[in-house]
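Read the structure below first, then the notes.
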There are 2 protein chains.
Amino acid sequence: MYYFDNAASTKPTQDILQTYMTVSEQFFANPSSVHSFGEKASQLLNQARQQVAEILRFDTSEIYFTSSGTESNNWVLTGITQALKERHPDKNRILISSIEHGSMTAQIERLVHQGFKVDLIPVTDQGLVDMDKFANLLDNDVLLVSTMAVNNEIGAKQPLIEMSVELMKYPTTAWHVDAVQATTSELATIHNNRIDLVTLSSHKFHAVRGAGVLAKRKRIASHPMIMGGGQESGQRSSTENLAAIVTMSKALRLVSEKQADTHERLEKYKQQIIEALKDNNWNIHTPKESSAHIICASYEGIPGEVLVHAFAEKDIFISTTSACSSRRRSAHATLRAMGIPDSISESAIRMSMGILTTQEEVDYLIKQIPHITNKF
Amino acid sequence: MYYFDNAASTKPTQDILQTYMTVSEQFFANPSSVHSFGEKASQLLNQARQQVAEILRFDTSEIYFTSSGTESNNWVLTGITQALKERHPDKNRILISSIEHGSMTAQIERLVHQGFKVDLIPVTDQGLVDMDKFANLLDNDVLLVSTMAVNNEIGAKQPLIEMSVELMKYPTTAWHVDAVQATTSELATIHNNRIDLVTLSSHKFHAVRGAGVLAKRKRIASHPMIMGGGQESGQRSSTENLAAIVTMSKALRLVSEKQADTHERLEKYKQQIIEALKDNNWNIHTPKESSAHIICASYEGIPGEVLVHAFAEKDIFISTTSACSSRRRSAHATLRAMGIPDSISESAIRMSMGILTTQEEVDYLIKQIPHITNKF
């Protein structure tokens, strides 16, 4: 199997699964239990929190564990937005980039229903936040801005530094960055003090599924979305999923330590694959400013699903665009926001790599591209 | 180690961990991915859903996977309550029993803030819903009733059959049952067509952590709490935690098949332990009508935490009462609702068993009870 669908989900490594087993077997007590066995579980949880904090350059007390990236993103637009509004009753606008993941955009209707004015931040034809338009949209009424670090459909690396310069002018506007696709090779982009909130998802960097992070600066007001036993400093209740959290912190350390190497390798692979696609008359939608691990391309006239199946016949697994929307045939939101007509985006596919991707796999993929293309 | 804290969290069995490994390694694709590898993951998910549905006696389309019991309980009092209210704008009352888990009671303030009138259903001195008072509280304005099947602190088995008779008179009132503590030996109590919504939590029956169930009849209106990619029929977004879900369905099958045997064994152990505690002048708070796996007792004058540590010195792990509240020293909500003064409930502890508990472990516990008690 040649797996090029890492942006949808990555394979947990043997090492990670082993850690998962060990924690599940040896530290199965509830971290809230007062006995020493519970305390050991609690200590392990705190070590994981400390490690994630160091890698993200947040304070340990600013790291909250959730069940997924989607949950973290939902929390931002529910409890946190509500608390921000209570602190700044005069601010009523929310800016969300037009290329965000469904876990942000699906909530817009709820926000509007609550009385917020939500504007979508336009992107350029390269899929990057349009800085002029962003600057024009910003004013003192903006309560919250939410943007991605790396787009999940085309890999576009957003201009977070330029955005932070603009946002410095509005220190009381909260800024959330969905960094779910940044972990593979662009973790450094979120090392930025102006960013208030960061979302991560465990299964995008070879940890097991079921854990997410919301890093939240102390300065950001917050109410919980999920209430109950008062775990996570009262901000996210539920018995802590210790084994998933510990493996997530370990996987984040591994992916963090390998950033430079991964970036160099995958960037080389990306260029090789892009050249092969171009040689076979594919359109490339991934811009120059993009993460090393994602390639979005289209072959006009052939539906994306047909292309995916053609690759699968050669044991190569790719996506249409976002896995989350692929079964539902929703429009390719990012390509549409870039001004690409649906007639082209319907023929778009995404190839995505991870730290386990090898040159041999890439060579095989490249060798198959002309065979597959010639069928059409 | 003698583990008597199964109501807080259970140990995943070797068999379950093995299944977890297999699914994580061999079915790591995103179930939403259109390729055959994603489809296989999706099929596995549907099989798990079917199995859970059969055991709970719901339709397959009525089973929703969440990340935990706490999440399921929060969903009931957010998106679902909101949708119920839209369908029945005239109904404005919510009844929650006075002995519910924190994941229900912590949300009451939010409900009141939204304009609902929330009443707590009183319990008897045995910790059982007071049927006369419950009947008096019910009227056509009640939108939702939420009660436990088995109480987490003392094990009291709620009169669900009697309650369903009362609730038959109000067919448009939704009824949610938190069955998190019912899985060990009281699963049959939720085989009741009048029950509209059921919450389960994976880690209470030897599955890994990070999965929960909300079973919801088709007749119940619903909005999602967590929005995004549209998973779980659009009702609970987030990439499905396949390995945790599959192991949960397997563990539920195992615990379901063993109900009769478990009930008989644990009921015997419970009586043996209760006798030993009584012989040593402990107060027993667990009523006759209780689940086989939970014992709540107190030893006057000695704080619960001190008692927990005294048992831990003998390598026996028990809780004060609910693990979720034990670190936070909150009052023992259930004992208080039963009318037991704080001076006694502060000396309360909970011993809880699971399907792995053996006669040898119980014999050891019983042997230690006089030694531990004599210290005080």
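Convention: chains lettered A, B, ... in structure tokens order; per-chain residue numbering from 1; ligands numbered from 1 as shown.
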
12 Å contact set for Thr199 in chain A, only C-alpha atoms, chain neighbours under 2 positions out, as number ranges by chain: A: 52, 56, 63-76, 101, 103-104, 146-150, 175-183, 187, 190, 195-197, 201-202, 204, 211-216

Contact table chain A vs chain B, cut-off 6 Å, shortest pair per residue, only C-alpha atoms, as a tab-separated table:
```
residue	atom	partner	partner_atom	distance
A:Ala8	CA	B:Asn30	CA	5.9
A:Ser9	CA	B:Asn30	CA	5.6
A:Lys11	CA	B:Phe28	CA	5.6
A:Phe28	CA	B:Lys11	CA	5.6
A:Ala29	CA	B:Ser9	CA	6.0
A:Asn30	CA	B:Ser9	CA	5.5
A:Ser32	CA	B:Ala323	CA	5.4
A:Ser33	CA	B:Ala323	CA	4.9
A:Thr70	CA	B:Ser238	CA	5.4
A:Gly102	CA	B:Gly228	CA	4.5
A:Ser103	CA	B:Gly228	CA	3.5
A:Ala106	CA	B:Gly228	CA	5.4
A:Arg209	CA	B:Asn241	CA	5.5
A:Gly210	CA	B:Asn241	CA	5.6
A:Met227	CA	B:Ser103	CA	5.6
A:Gly228	CA	B:Ser103	CA	3.5
A:Gly229	CA	B:Cys324	CA	4.7
A:Ser238	CA	B:Thr70	CA	5.3
A:Asn241	CA	B:Arg209	CA	5.5
A:Ala323	CA	B:Ser33	CA	4.9
A:Cys324	CA	B:Gly229	CA	4.7
A:Ser325	CA	B:Gly229	CA	5.9
A:Arg327	CA	B:Ser32	CA	5.7
```

Writing out the chosen residues with C-alpha atoms as a tab-separated table (two decimals), in the first residue's frame:
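Output file selection_37.tsv follows:
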```
chain	number	residue	atom	x	y	z
A	8	ALA	CA	-6.84	12.88	6.31
A	9	SER	CA	-5.26	10.65	8.95
A	11	LYS	CA	-0.72	5.81	10.71
A	28	PHE	CA	-5.51	2.88	34.00
A	29	ALA	CA	-6.63	4.61	37.18
A	30	ASN	CA	-8.77	7.71	36.93
A	32	SER	CA	-8.98	12.27	39.60
A	33	SER	CA	-8.84	9.37	42.08
A	70	THR	CA	-12.90	19.59	15.74
A	102	GLY	CA	-15.72	22.71	8.22
A	103	SER	CA	-15.36	22.56	11.99
A	106	ALA	CA	-20.24	24.93	10.03
A	209	ARG	CA	-6.95	9.22	17.42
A	210	GLY	CA	-9.07	10.79	20.14
A	227	MET	CA	-19.02	20.68	31.74
A	228	GLY	CA	-18.94	18.16	34.56
A	229	GLY	CA	-16.28	16.79	36.87
A	238	SER	CA	-14.53	14.28	31.23
A	241	ASN	CA	-8.02	10.08	27.95
A	323	ALA	CA	-11.59	13.76	3.77
A	324	CYS	CA	-14.18	15.31	6.01
A	325	SER	CA	-16.19	16.53	3.07
A	327	ARG	CA	-18.06	11.47	1.21
```

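Shortest atom-to-atom contact with Val306 in chain A among A:Met131, A:Ile372, A:Ile99, A:Leu200: A:Ile372, counting only C-alpha atoms.
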
Alpha helix (DSSP H) call set, DSSP backbone run, range 10-230 of chain A, as a PyMOL selection string: chain A and resi 14-26+36-56+69-75+81-87+102-105+108-113+131-137+160-167

Could you write out the selected residues, including C-alpha atoms, as an mmCIF file, in the first residue's frame?
```cif
data_model
loop_
_atom_site.group_PDB
_atom_site.id
_atom_site.type_symbol
_atom_site.label_atom_id
_atom_site.label_comp_id
_atom_site.auth_asym_id
_atom_site.auth_seq_id
_atom_site.Cartn_x
_atom_site.Cartn_y
_atom_site.Cartn_z
ATOM 1 C CA GLN A 14 4.750 1.061 16.425
ATOM 2 C CA ASP A 15 6.511 3.086 19.062
ATOM 3 C CA ILE A 16 3.381 5.165 19.711
ATOM 4 C CA LEU A 17 1.152 2.097 19.895
ATOM 5 C CA GLN A 18 3.555 0.515 22.358
ATOM 6 C CA THR A 19 3.384 3.576 24.589
ATOM 7 C CA TYR A 20 -0.391 3.522 24.286
ATOM 8 C CA MET A 21 -0.473 -0.094 25.473
ATOM 9 C CA THR A 22 1.854 0.593 28.398
ATOM 10 C CA VAL A 23 -0.118 3.582 29.652
ATOM 11 C CA SER A 24 -3.465 1.789 29.193
ATOM 12 C CA GLU A 25 -2.268 -1.235 31.125
ATOM 13 C CA GLN A 26 -0.161 0.325 33.828
ATOM 14 C CA SER A 36 -1.517 6.952 44.774
ATOM 15 C CA PHE A 37 -2.432 5.012 41.640
ATOM 16 C CA GLY A 38 -4.644 7.898 40.529
ATOM 17 C CA GLU A 39 -1.928 10.355 41.478
ATOM 18 C CA LYS A 40 0.568 8.573 39.234
ATOM 19 C CA ALA A 41 -1.872 8.895 36.342
ATOM 20 C CA SER A 42 -2.285 12.549 37.185
ATOM 21 C CA GLN A 43 1.485 13.089 37.202
ATOM 22 C CA LEU A 44 1.802 11.494 33.782
ATOM 23 C CA LEU A 45 -0.918 13.823 32.518
ATOM 24 C CA ASN A 46 0.953 16.841 33.816
ATOM 25 C CA GLN A 47 4.188 15.696 32.196
ATOM 26 C CA ALA A 48 2.377 15.414 28.875
ATOM 27 C CA ARG A 49 0.955 18.899 29.339
ATOM 28 C CA GLN A 50 4.379 20.292 30.111
ATOM 29 C CA GLN A 51 5.890 18.703 27.016
ATOM 30 C CA VAL A 52 3.159 20.035 24.710
ATOM 31 C CA ALA A 53 3.527 23.488 26.280
ATOM 32 C CA GLU A 54 7.272 23.555 25.657
ATOM 33 C CA ILE A 55 6.891 22.551 22.023
ATOM 34 C CA LEU A 56 4.137 25.099 21.363
ATOM 35 C CA GLY A 69 -9.225 19.282 16.575
ATOM 36 C CA THR A 70 -12.902 19.595 15.738
ATOM 37 C CA GLU A 71 -13.783 19.790 19.424
ATOM 38 C CA SER A 72 -11.097 22.434 20.036
ATOM 39 C CA ASN A 73 -12.429 24.510 17.127
ATOM 40 C CA ASN A 74 -15.978 24.174 18.426
ATOM 41 C CA TRP A 75 -14.926 25.253 21.875
ATOM 42 C CA THR A 81 -16.427 33.358 22.151
ATOM 43 C CA GLN A 82 -19.171 33.749 24.736
ATOM 44 C CA ALA A 83 -16.677 34.620 27.485
ATOM 45 C CA LEU A 84 -14.861 37.046 25.176
ATOM 46 C CA LYS A 85 -18.178 38.720 24.395
ATOM 47 C CA GLU A 86 -18.933 39.116 28.108
ATOM 48 C CA ARG A 87 -15.566 40.802 28.566
ATOM 49 C CA GLY A 102 -15.725 22.713 8.219
ATOM 50 C CA SER A 103 -15.360 22.564 11.993
ATOM 51 C CA MET A 104 -15.139 26.379 11.898
ATOM 52 C CA THR A 105 -17.409 27.252 8.972
ATOM 53 C CA ILE A 108 -21.133 30.357 11.401
ATOM 54 C CA GLU A 109 -24.900 29.991 11.278
ATOM 55 C CA ARG A 110 -24.981 29.437 15.052
ATOM 56 C CA LEU A 111 -22.872 32.578 15.597
ATOM 57 C CA VAL A 112 -25.122 34.656 13.343
ATOM 58 C CA HIS A 113 -28.151 33.303 15.170
ATOM 59 C CA MET A 131 -3.621 41.030 3.459
ATOM 60 C CA ASP A 132 -5.143 44.249 2.084
ATOM 61 C CA LYS A 133 -8.644 42.961 2.478
ATOM 62 C CA PHE A 134 -7.820 41.548 5.905
ATOM 63 C CA ALA A 135 -6.480 44.924 7.053
ATOM 64 C CA ASN A 136 -9.641 46.612 5.751
ATOM 65 C CA LEU A 137 -11.899 44.190 7.591
ATOM 66 C CA LEU A 160 0.773 34.483 9.949
ATOM 67 C CA ILE A 161 3.641 36.914 10.517
ATOM 68 C CA GLU A 162 2.053 39.644 8.380
ATOM 69 C CA MET A 163 -1.287 38.941 10.029
ATOM 70 C CA SER A 164 0.226 39.270 13.486
ATOM 71 C CA VAL A 165 1.665 42.668 12.518
ATOM 72 C CA GLU A 166 -1.844 43.854 11.605
ATOM 73 C CA LEU A 167 -3.322 42.291 14.713
#
```
